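*Asks:* Data: data-v4.txt, compact mmCIF, C-alpha atoms.
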# COMPACT_ATOMS: atom_id res chain seq x y z
CA MET Q 1036 -26.48 17.98 11.09
CA THR Q 1037 -23.07 17.50 9.48
CA GLN Q 1038 -21.01 19.95 7.45
CA VAL Q 1039 -17.45 20.08 6.18
CA ARG Q 1040 -15.59 23.26 7.05
CA THR Q 1041 -13.46 24.87 4.36
CA ASP Q 1042 -10.31 23.40 5.96
CA GLY Q 1043 -11.74 19.87 5.69
CA THR Q 1044 -12.81 19.55 9.33
CA LEU Q 1045 -16.11 17.81 10.05
CA LEU Q 1046 -18.70 19.81 11.97
CA VAL Q 1047 -21.46 17.91 13.76
CA ASN Q 1048 -24.18 20.26 14.98
CA GLY Q 1049 -21.66 23.07 14.62
CA GLN Q 1050 -18.93 21.40 16.71
CA ALA Q 1051 -15.60 20.23 15.28
CA ASN Q 1052 -15.42 16.45 15.25
CA PHE Q 1053 -12.64 13.93 14.52
CA PRO Q 1054 -14.23 10.63 13.40
CA MET Q 1055 -12.22 7.66 14.64
CA GLY Q 1056 -13.56 4.23 13.90
CA PHE Q 1057 -13.86 1.11 11.80
CA TYR Q 1058 -15.30 -0.35 8.68
CA HIS Q 1059 -17.61 -3.26 9.43
CA VAL Q 1060 -18.43 -5.54 6.50
CA SER Q 1061 -21.68 -6.54 8.14
CA TRP Q 1062 -22.83 -9.14 5.59
CA ALA Q 1063 -19.90 -11.29 6.74
CA GLY Q 1064 -22.04 -11.83 9.83
CA ASP Q 1065 -25.66 -10.95 10.55
CA SER Q 1066 -27.63 -8.26 12.35
CA ALA Q 1067 -26.85 -9.75 15.78
CA ARG Q 1068 -23.12 -9.85 15.01
CA ARG Q 1069 -23.28 -6.27 13.70
CA LEU Q 1070 -24.86 -5.11 16.94
CA ARG Q 1071 -22.38 -7.05 19.07
CA ASP Q 1072 -19.42 -5.61 17.20
CA LEU Q 1073 -20.81 -2.08 17.50
CA GLN Q 1074 -20.80 -2.53 21.26
CA ALA Q 1075 -17.24 -3.88 21.16
CA ILE Q 1076 -16.04 -0.95 19.05
CA ALA Q 1077 -17.71 1.48 21.46
CA ASP Q 1078 -16.04 -0.33 24.37
CA LEU Q 1079 -12.68 0.39 22.71
CA GLY Q 1080 -13.49 4.11 22.77
CA PHE Q 1081 -14.16 4.72 19.08
CA ASN Q 1082 -16.85 7.13 17.91
CA THR Q 1083 -17.59 5.99 14.34
CA VAL Q 1084 -18.59 2.80 12.49
CA HIS Q 1085 -18.98 2.37 8.73
CA ALA Q 1086 -21.61 -0.39 8.64
CA SER Q 1087 -23.38 -2.31 5.87
CA MET Q 1088 -27.12 -2.56 5.56
CA LEU Q 1089 -28.17 -6.19 5.13
CA GLY Q 1090 -30.70 -5.44 2.46
CA ALA Q 1091 -31.16 -2.02 0.92
CA ASP Q 1092 -34.91 -1.92 1.68
CA THR Q 1093 -35.49 -4.86 4.03
CA ASP Q 1094 -33.00 -3.91 6.76
CA VAL Q 1095 -34.38 -0.51 7.70
CA GLU Q 1096 -35.84 -1.43 11.08
CA SER Q 1097 -32.86 -3.53 12.12
CA PHE Q 1098 -30.52 -0.73 11.07
CA ARG Q 1099 -32.65 1.72 13.04
CA GLN Q 1100 -32.10 -0.45 16.13
CA LEU Q 1101 -28.37 -0.32 15.40
CA LEU Q 1102 -28.58 3.48 15.25
CA ASP Q 1103 -30.50 3.51 18.53
CA THR Q 1104 -27.73 1.54 20.22
CA ALA Q 1105 -25.08 3.71 18.60
CA GLN Q 1106 -26.74 6.81 20.00
CA LYS Q 1107 -26.69 5.35 23.52
CA ARG Q 1108 -22.98 4.54 23.15
CA GLY Q 1109 -21.88 7.87 21.67
CA VAL Q 1110 -21.14 6.36 18.24
CA ARG Q 1111 -22.22 7.64 14.82
CA LEU Q 1112 -22.72 5.50 11.73
CA VAL Q 1113 -21.88 5.80 8.06
CA ALA Q 1114 -24.24 3.51 6.14
CA GLU Q 1115 -23.48 1.58 2.96
CA ASP Q 1116 -25.65 -0.57 0.68
CA HIS Q 1117 -28.66 1.66 1.22
CA SER Q 1118 -31.58 2.51 -1.03
CA ASP Q 1119 -33.30 5.85 -1.54
CA GLN Q 1120 -36.15 4.55 0.62
CA ALA Q 1121 -33.71 3.70 3.43
CA ILE Q 1122 -32.21 7.19 3.27
CA VAL Q 1123 -35.63 8.79 3.64
CA ALA Q 1124 -36.56 6.44 6.49
CA LEU Q 1125 -33.35 6.90 8.50
CA LYS Q 1126 -32.16 10.43 7.70
CA SER Q 1127 -33.59 11.98 10.87
CA HIS Q 1128 -31.80 9.66 13.29
CA PRO Q 1129 -29.34 11.58 15.53
CA ALA Q 1130 -26.73 8.79 15.38
CA LEU Q 1131 -26.45 8.97 11.59
CA LEU Q 1132 -23.22 10.52 10.32
CA GLY Q 1133 -23.53 9.92 6.60
CA TRP Q 1134 -23.90 7.72 3.54
CA LEU Q 1135 -21.36 5.86 1.42
CA VAL Q 1136 -21.66 6.98 -2.19
CA SER Q 1137 -19.13 4.56 -3.71
CA ASP Q 1138 -16.34 2.35 -2.43
CA ASP Q 1139 -13.16 2.09 -4.56
CA CYS Q 1140 -14.52 4.93 -6.65
CA HIS Q 1141 -11.35 5.22 -8.74
CA ASN Q 1142 -12.09 1.74 -10.13
CA LEU Q 1143 -15.88 1.65 -10.19
CA VAL Q 1144 -17.23 5.08 -11.19
CA THR Q 1145 -16.15 8.18 -13.09
CA PRO Q 1146 -15.85 11.51 -11.26
CA SER Q 1147 -19.09 12.73 -12.84
CA GLU Q 1148 -20.90 9.52 -11.82
CA LEU Q 1149 -19.64 9.96 -8.28
CA GLN Q 1150 -20.95 13.52 -8.23
CA SER Q 1151 -24.31 12.50 -9.66
CA ARG Q 1152 -24.76 9.79 -7.03
CA GLY Q 1153 -23.71 12.17 -4.26
CA GLU Q 1154 -26.14 14.83 -5.45
CA GLN Q 1155 -28.99 12.30 -5.49
CA ILE Q 1156 -28.27 11.44 -1.84
CA LYS Q 1157 -28.06 15.13 -0.95
CA ARG Q 1158 -31.45 15.75 -2.52
CA LEU Q 1159 -32.90 13.12 -0.21
CA ASP Q 1160 -30.83 14.08 2.83
CA PRO Q 1161 -28.99 17.42 2.68
CA ASN Q 1162 -27.97 17.26 6.34
CA HIS Q 1163 -25.53 14.36 6.42
CA LEU Q 1164 -22.13 13.48 5.03
CA THR Q 1165 -21.59 11.94 1.59
CA TYR Q 1166 -18.48 9.75 1.59
CA THR Q 1167 -16.34 7.79 -0.85
CA SER Q 1168 -13.07 5.88 -0.63
CA MET Q 1169 -10.21 5.15 -3.02
CA ALA Q 1170 -6.53 4.27 -3.17
CA ILE Q 1171 -4.32 7.18 -4.24
CA PRO Q 1172 -0.82 6.06 -5.30
CA PHE Q 1173 1.92 8.08 -3.62
CA TYR Q 1174 3.71 8.55 -6.95
CA ASN Q 1175 0.80 10.18 -8.81
CA SER Q 1176 -2.04 11.72 -6.84
CA TYR Q 1177 -2.94 14.01 -9.72
CA ALA Q 1178 -4.40 11.10 -11.67
CA TYR Q 1179 -7.26 11.08 -9.16
CA ARG Q 1180 -7.71 14.76 -8.45
CA ASP Q 1181 -10.95 14.97 -10.47
CA TYR Q 1182 -12.66 12.86 -7.79
CA PHE Q 1183 -12.18 15.57 -5.17
CA GLY Q 1184 -14.95 18.07 -4.56
CA ARG Q 1185 -17.62 15.64 -5.83
CA VAL Q 1186 -18.72 14.46 -2.36
CA ASP Q 1187 -18.15 15.77 1.15
CA ALA Q 1188 -15.44 13.36 2.29
CA ILE Q 1189 -12.85 11.07 0.69
CA GLY Q 1190 -11.06 8.17 2.34
CA ASN Q 1191 -7.65 7.11 1.12
CA GLN Q 1192 -6.69 3.46 1.53
CA SER Q 1193 -3.19 2.54 2.73
CA TYR Q 1194 -2.70 -1.15 3.52
CA PRO Q 1195 1.06 -1.78 3.33
CA VAL Q 1196 1.58 -4.78 5.64
CA ASP Q 1197 2.11 -7.65 3.17
CA GLY Q 1198 0.56 -5.38 0.56
CA GLY Q 1199 3.69 -4.62 -1.44
CA ASP Q 1200 4.70 -1.27 0.08
CA GLY Q 1201 6.94 -0.28 2.95
CA LEU Q 1202 5.19 0.99 6.06
CA ASP Q 1203 6.61 4.46 5.42
CA VAL Q 1204 4.25 4.89 2.46
CA VAL Q 1205 1.41 6.01 4.76
CA PHE Q 1206 2.68 9.55 5.31
CA PRO Q 1207 3.23 10.44 1.63
CA VAL Q 1208 -0.08 8.99 0.42
CA MET Q 1209 -2.01 10.71 3.21
CA SER Q 1210 -0.17 13.95 2.46
CA LYS Q 1211 -1.40 13.68 -1.14
CA LEU Q 1212 -4.93 13.11 0.17
CA VAL Q 1213 -4.73 16.19 2.39
CA GLU Q 1214 -3.22 18.30 -0.41
CA GLN Q 1215 -5.96 17.41 -2.91
CA SER Q 1216 -8.71 17.71 -0.28
CA LYS Q 1217 -7.57 21.18 0.74
CA ALA Q 1218 -7.77 22.38 -2.86
CA LYS Q 1219 -11.44 21.34 -3.10
CA GLY Q 1220 -12.74 21.78 0.45
CA THR Q 1221 -13.12 18.01 0.89
CA MET Q 1222 -12.74 16.17 4.19
CA PRO Q 1223 -9.68 13.83 4.13
CA ILE Q 1224 -10.12 10.50 5.97
CA ALA Q 1225 -7.34 7.92 6.36
CA ASN Q 1226 -8.35 4.31 5.71
CA LEU Q 1227 -5.70 2.37 7.62
CA GLN Q 1228 -4.92 -1.34 7.80
CA SER Q 1229 -6.22 -3.43 10.70
CA PHE Q 1230 -6.61 -6.61 8.62
CA ARG Q 1231 -4.44 -9.25 6.99
CA TRP Q 1232 -4.16 -9.87 3.28
CA PRO Q 1233 -4.74 -13.49 2.12
CA ASN Q 1234 -1.81 -15.58 3.37
CA GLY Q 1235 -0.51 -12.52 5.19
CA ARG Q 1236 -0.49 -11.29 8.76
CA TYR Q 1237 -2.12 -8.61 10.83
CA PRO Q 1238 -0.17 -5.44 11.62
CA THR Q 1239 1.69 -5.52 14.89
CA PRO Q 1240 0.74 -2.99 17.59
CA VAL Q 1241 3.89 -0.99 16.74
CA GLU Q 1242 2.96 -0.94 13.04
CA LEU Q 1243 -0.61 0.08 13.83
CA ASN Q 1244 0.64 2.91 16.00
CA SER Q 1245 3.06 4.03 13.29
CA MET Q 1246 0.43 4.05 10.54
CA THR Q 1247 -1.94 6.03 12.75
CA ASN Q 1248 0.68 8.60 13.65
CA GLN Q 1249 1.87 8.97 10.06
CA ALA Q 1250 -1.71 9.75 9.03
CA LEU Q 1251 -2.11 12.27 11.84
CA ALA Q 1252 1.19 13.89 10.88
CA ALA Q 1253 -0.11 14.32 7.33
CA GLY Q 1254 -3.10 16.29 8.65
CA VAL Q 1255 -6.02 13.93 8.02
CA LYS Q 1256 -9.35 14.89 9.58
CA GLY Q 1257 -10.56 11.40 10.48
CA ILE Q 1258 -9.51 7.74 10.54
CA LEU Q 1259 -11.46 4.62 9.57
CA TYR Q 1260 -9.55 1.36 9.99
CA TYR Q 1261 -10.32 -1.46 7.57
CA THR Q 1262 -11.69 -3.65 9.04
CA TYR Q 1263 -13.26 -4.95 12.21
CA LEU Q 1264 -14.99 -7.75 10.31
CA ASP Q 1265 -15.09 -9.16 6.81
CA TYR Q 1266 -15.18 -12.68 5.35
CA THR Q 1267 -11.55 -13.46 6.23
CA ASN Q 1268 -10.81 -11.06 9.11
CA ASP Q 1269 -12.24 -10.86 12.61
CA LEU Q 1270 -10.58 -8.33 14.86
CA SER Q 1271 -12.53 -9.50 17.90
CA GLN Q 1272 -10.12 -12.47 18.04
CA HIS Q 1273 -6.97 -10.35 18.41
CA SER Q 1274 -6.51 -9.08 21.95
CA GLN Q 1275 -3.09 -7.52 21.31
CA LEU Q 1276 -4.47 -5.30 18.56
CA HIS Q 1277 -7.51 -4.53 20.71
CA ALA Q 1278 -5.24 -3.21 23.45
CA GLU Q 1279 -3.31 -0.98 21.04
CA LEU Q 1280 -6.49 0.26 19.36
CA LYS Q 1281 -8.03 1.14 22.71
CA THR Q 1282 -4.92 3.14 23.57
CA LEU Q 1283 -4.95 4.91 20.18
CA ALA Q 1284 -8.64 5.79 20.55
CA SER Q 1285 -8.01 7.35 23.96
CA GLU Q 1286 -4.99 9.25 22.66
CA VAL Q 1287 -6.77 10.67 19.62
CA LYS Q 1288 -9.57 11.83 21.91
CA VAL Q 1289 -6.97 13.94 23.73
CA LEU Q 1290 -5.46 15.15 20.46
CA ALA Q 1291 -8.78 15.90 18.72
CA PRO Q 1292 -9.15 19.58 19.77
CA PHE Q 1293 -5.92 20.62 18.06
CA LEU Q 1294 -6.17 18.08 15.23
CA THR Q 1295 -9.43 19.79 14.26
CA ASN Q 1296 -8.90 23.40 15.34
CA GLY Q 1297 -5.13 23.84 15.69
CA GLN Q 1298 -2.45 24.99 13.26
CA ARG Q 1299 0.04 22.34 12.03
CA GLN Q 1300 3.62 23.18 11.11
CA ALA Q 1301 6.30 20.85 9.77
CA LEU Q 1302 9.64 21.23 11.57
CA PRO Q 1303 13.19 20.63 10.30
CA VAL Q 1304 14.56 17.25 11.41
CA VAL Q 1305 18.13 16.02 11.14
CA SER Q 1306 18.49 12.22 11.32
CA ALA Q 1307 20.88 9.65 9.90
CA GLY Q 1308 18.79 8.76 6.86
CA GLY Q 1309 16.24 11.55 6.84
CA ARG Q 1310 13.77 9.01 8.17
CA ALA Q 1311 11.89 11.03 10.76
CA LEU Q 1312 9.05 13.55 10.84
CA ALA Q 1313 8.32 16.33 13.31
CA HIS Q 1314 5.23 18.54 13.45
CA LEU Q 1315 4.16 21.27 15.82
CA TRP Q 1316 0.50 22.00 16.53
CA SER Q 1317 -0.50 25.33 18.03
CA TYR Q 1318 -3.88 25.62 19.73
CA GLY Q 1319 -5.34 27.73 22.51
CA GLY Q 1320 -2.00 29.33 23.32
CA ARG Q 1321 -0.31 25.94 23.75
CA ARG Q 1322 2.09 23.97 21.55
CA TYR Q 1323 2.23 20.23 20.94
CA LEU Q 1324 5.09 18.30 19.32
CA GLN Q 1325 4.74 15.02 17.43
CA VAL Q 1326 7.84 13.10 16.30
CA VAL Q 1327 7.57 9.96 14.15
CA SER Q 1328 10.22 7.54 12.95
CA LEU Q 1329 9.79 6.14 9.44
CA GLU Q 1330 12.67 3.71 9.92
CA ALA Q 1331 11.44 0.17 10.56
CA GLN Q 1332 14.76 -1.56 11.31
CA ALA Q 1333 16.98 0.62 13.49
CA ALA Q 1334 16.86 3.27 16.16
CA GLN Q 1335 17.96 6.73 15.06
CA ASN Q 1336 19.19 9.91 16.68
CA VAL Q 1337 17.20 13.01 15.75
CA LYS Q 1338 17.63 16.75 16.13
CA ILE Q 1339 14.58 18.97 15.70
CA GLN Q 1340 14.53 22.74 15.43
CA LEU Q 1341 11.64 24.47 17.20
CA PRO Q 1342 10.52 27.92 16.01
CA ALA Q 1343 11.09 29.34 19.52
CA LYS Q 1344 12.85 28.38 22.74
CA ALA Q 1345 11.23 25.87 25.08
CA ARG Q 1346 11.56 25.42 28.83
CA GLY Q 1347 11.00 21.71 28.44
CA LEU Q 1348 8.82 18.92 27.06
CA ARG Q 1349 5.91 17.34 28.93
CA PRO Q 1350 4.99 13.85 27.64
CA LEU Q 1351 1.31 13.72 26.68
CA PHE Q 1352 0.68 10.01 27.17
CA ALA Q 1353 1.65 7.90 30.17
CA GLY Q 1354 2.89 4.46 29.26
CA ARG Q 1355 4.42 5.51 25.93
CA THR Q 1356 8.18 5.66 25.45
CA THR Q 1357 9.60 9.20 25.71
CA THR Q 1358 13.28 9.79 24.95
CA LEU Q 1359 13.48 13.37 23.67
CA GLN Q 1360 14.66 16.46 25.52
CA ALA Q 1361 14.56 20.17 24.73
CA SER Q 1362 17.44 22.60 25.09
CA GLY Q 1363 16.59 26.10 24.01
CA ALA Q 1364 14.98 25.79 20.59
CA GLN Q 1365 16.42 22.35 19.85
CA VAL Q 1366 14.94 18.94 20.64
CA GLN Q 1367 17.05 15.83 20.40
CA GLY Q 1368 17.21 12.19 21.40
CA LYS Q 1369 16.90 8.65 20.03
CA LEU Q 1370 13.77 7.26 18.35
CA ALA Q 1371 12.98 3.55 18.36
CA PRO Q 1372 12.14 1.90 15.02
CA LEU Q 1373 8.69 3.16 13.94
CA GLY Q 1374 8.46 5.05 17.21
CA ALA Q 1375 6.02 7.92 17.70
CA GLN Q 1376 6.19 10.42 20.56
CA TRP Q 1377 3.95 13.30 21.65
CA TYR Q 1378 4.79 16.20 23.96
CA GLU Q 1379 3.42 19.50 25.10
CA VAL Q 1380 6.14 22.11 24.52
CA GLN Q 1381 6.50 24.22 27.63
What would you get if you wrote out this structure as structure tokens?
*Replies:*
Amino acid sequence: MTQVRTDGTLLVNGQANFPMGFYHVSWAGDSARRLRDLQAIADLGFNTVHASMLGADTDVESFRQLLDTAQKRGVRLVAEDHSDQAIVALKSHPALLGWLVSDDCHNLVTPSELQSRGEQIKRLDPNHLTYTSMAIPFYNSYAYRDYFGRVDAIGNQSYPVDGGDGLDVVFPVMSKLVEQSKAKGTMPIANLQSFRWPNGRYPTPVELNSMTNQALAAGVKGILYYTYLDYTNDLSQHSQLHAELKTLASEVKVLAPFLTNGQRQALPVVSAGGRALAHLWSYGGRRYLQVVSLEAQAAQNVKIQLPAKARGLRPLFAGRTTTLQASGAQVQGKLAPLGAQWYEVQ
């Protein structure tokens, strides 16, 4: 059973959960490819896949087999392109997380149509998530605020690499998502770029890490990367991105308890161009510091003010660059371009 807590956190059978996974445009392949990619995504350490049914009524048994495999691998599925009959047939499966109500809802349906569709799904299956996705512009989130509160969860799309925006757009657009979600008790999910636009390129590992950390800094309650597969993108062919994604999945698994149940606080940062973020999470009597550079071209020196003195900083993740040091209540050091660092504050 899934519920959304009033703070936007997903509860699965009463336990806080941070969905971390991929879209999979399954009709770009077939049922065998869908199953193979599910296994690959599970191998990377992700816990969620947004998968297409390959026929709203005719794919039920094949999709059930996909759910069976997902259950064995510790993965849950959000289904799209489903019929009412498919919902009734599959709603009791323990690997089911939820149902897509509408993609690109800001372009395709009105807020009232979104709500009506979501309510129809809830009548058939009251125990799983209803989900939609849209693209909220960072300059005017209020134009889309009527979509919030209509379904359980909203994804916000941010695809800046060769998409016309700087990479630093991720934090402000995800902050708008979190702000609007909080007002309506909706779950905010970041839809982040793991694809290339036509005639473009894939994000680099550094860019992927930066986008992920900007979304986490904004306070999102889940991440779905677009995409593992569609007609022009196939992430299985990109080993460098696979390595970074596997690392990010393992890191978010460590972070998940305080991303879901901790308290997040923005901290004052002094840097050359005001191009850095710092947030402190408090959870279980412990404190965790995240520092993110929004500067893509140059390293920058930063000074961060903690709310209380620290004995030191313990890096959370081996193999990641750590350059910051604490002295009393101040943290300082140099951040690499688009660098992100995590510490436990001691």
*Asks:* Env of Lys1217 of chain Q: 9 Å cut, atoms = all atoms listed in the file, seq-sep filter 6 positions within chain, self excluded. Answer as a VMD selection string.
*Replies:* chain Q and resid 1041 to 1043 1223
*Asks:* Around (-13.3, 3.6, 15.0), as given in the file, which residues come within 6 Å? Count all atoms listed in the file and list them as a VMD selection string.
*Replies:* chain Q and resid 1055 to 1057 1081 to 1084 1259
*Asks:* Interatomic distance between atom CA of Arg1108 of chain Q and atom CA of His1273 of chain Q?
*Replies:*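 According to the coordinates, atom CA of Arg1108 of chain Q and atom CA of His1273 of chain Q are separated by 22.4 Å.
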*Asks:* Got a sec: who's within 12 Å of segment 1345-1351 of chain Q, counting all atoms listed in the file, leaving out chain neighbours fewer than 2 positions off, as a VMD selection string?
*Replies:* chain Q and resid 1285 to 1287 1289 to 1290 1321 to 1326 1340 to 1343 1353 to 1367 1375 to 1381
*Asks:* Neighbourhood query: residues within 12 Å of (-3.9, -1.6, 6.2), file coordinates, counting only C-alpha atoms; return as a PyMOL selection string.
*Replies:* chain Q and resi 1057-1058+1170+1191-1202+1204-1205+1225-1232+1235-1239+1242-1247+1250+1258-1263
*Asks:* Emit the selected residues as a JSON list (two decimals), in the coordinates of the input, including C-alpha atoms.
*Replies:*
[["chain", "number", "residue", "atom", "x", "y", "z"],
["Q", 1057, "PHE", "CA", -13.86, 1.11, 11.80],
["Q", 1058, "TYR", "CA", -15.30, -0.35, 8.68],
["Q", 1170, "ALA", "CA", -6.53, 4.27, -3.17],
["Q", 1191, "ASN", "CA", -7.65, 7.11, 1.12],
["Q", 1192, "GLN", "CA", -6.69, 3.46, 1.53],
["Q", 1193, "SER", "CA", -3.19, 2.54, 2.73],
["Q", 1194, "TYR", "CA", -2.70, -1.15, 3.52],
["Q", 1195, "PRO", "CA", 1.06, -1.78, 3.33],
["Q", 1196, "VAL", "CA", 1.58, -4.78, 5.64],
["Q", 1197, "ASP", "CA", 2.11, -7.65, 3.17],
["Q", 1198, "GLY", "CA", 0.56, -5.38, 0.56],
["Q", 1199, "GLY", "CA", 3.69, -4.62, -1.44],
["Q", 1200, "ASP", "CA", 4.70, -1.27, 0.08],
["Q", 1201, "GLY", "CA", 6.94, -0.28, 2.95],
["Q", 1202, "LEU", "CA", 5.19, 0.99, 6.06],
["Q", 1204, "VAL", "CA", 4.25, 4.89, 2.46],
["Q", 1205, "VAL", "CA", 1.41, 6.01, 4.76],
["Q", 1225, "ALA", "CA", -7.34, 7.92, 6.36],
["Q", 1226, "ASN", "CA", -8.35, 4.31, 5.71],
["Q", 1227, "LEU", "CA", -5.70, 2.37, 7.62],
["Q", 1228, "GLN", "CA", -4.92, -1.34, 7.80],
["Q", 1229, "SER", "CA", -6.22, -3.43, 10.70],
["Q", 1230, "PHE", "CA", -6.61, -6.61, 8.62],
["Q", 1231, "ARG", "CA", -4.44, -9.25, 6.99],
["Q", 1232, "TRP", "CA", -4.16, -9.87, 3.28],
["Q", 1235, "GLY", "CA", -0.51, -12.52, 5.19],
["Q", 1236, "ARG", "CA", -0.49, -11.29, 8.76],
["Q", 1237, "TYR", "CA", -2.12, -8.61, 10.83],
["Q", 1238, "PRO", "CA", -0.17, -5.44, 11.62],
["Q", 1239, "THR", "CA", 1.69, -5.52, 14.89],
["Q", 1242, "GLU", "CA", 2.96, -0.94, 13.04],
["Q", 1243, "LEU", "CA", -0.61, 0.08, 13.83],
["Q", 1244, "ASN", "CA", 0.64, 2.91, 16.00],
["Q", 1245, "SER", "CA", 3.06, 4.03, 13.29],
["Q", 1246, "MET", "CA", 0.43, 4.05, 10.54],
["Q", 1247, "THR", "CA", -1.94, 6.03, 12.75],
["Q", 1250, "ALA", "CA", -1.71, 9.75, 9.03],
["Q", 1258, "ILE", "CA", -9.51, 7.74, 10.54],
["Q", 1259, "LEU", "CA", -11.46, 4.62, 9.57],
["Q", 1260, "TYR", "CA", -9.55, 1.36, 9.99],
["Q", 1261, "TYR", "CA", -10.32, -1.46, 7.57],
["Q", 1262, "THR", "CA", -11.69, -3.65, 9.04],
["Q", 1263, "TYR", "CA", -13.26, -4.95, 12.21]]
*Asks:* Looking at Q:Met1169, Q:Ala1252, Q:Leu1070, Q:Leu1164, which one is nearest to Val1144 of chain Q, with distances taken over all atoms listed in the file?
*Replies:*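 Of Q:Met1169, Q:Ala1252, Q:Leu1070, Q:Leu1164, the one nearest Val1144 of chain Q is Q:Met1169, counting all atoms listed in the file.
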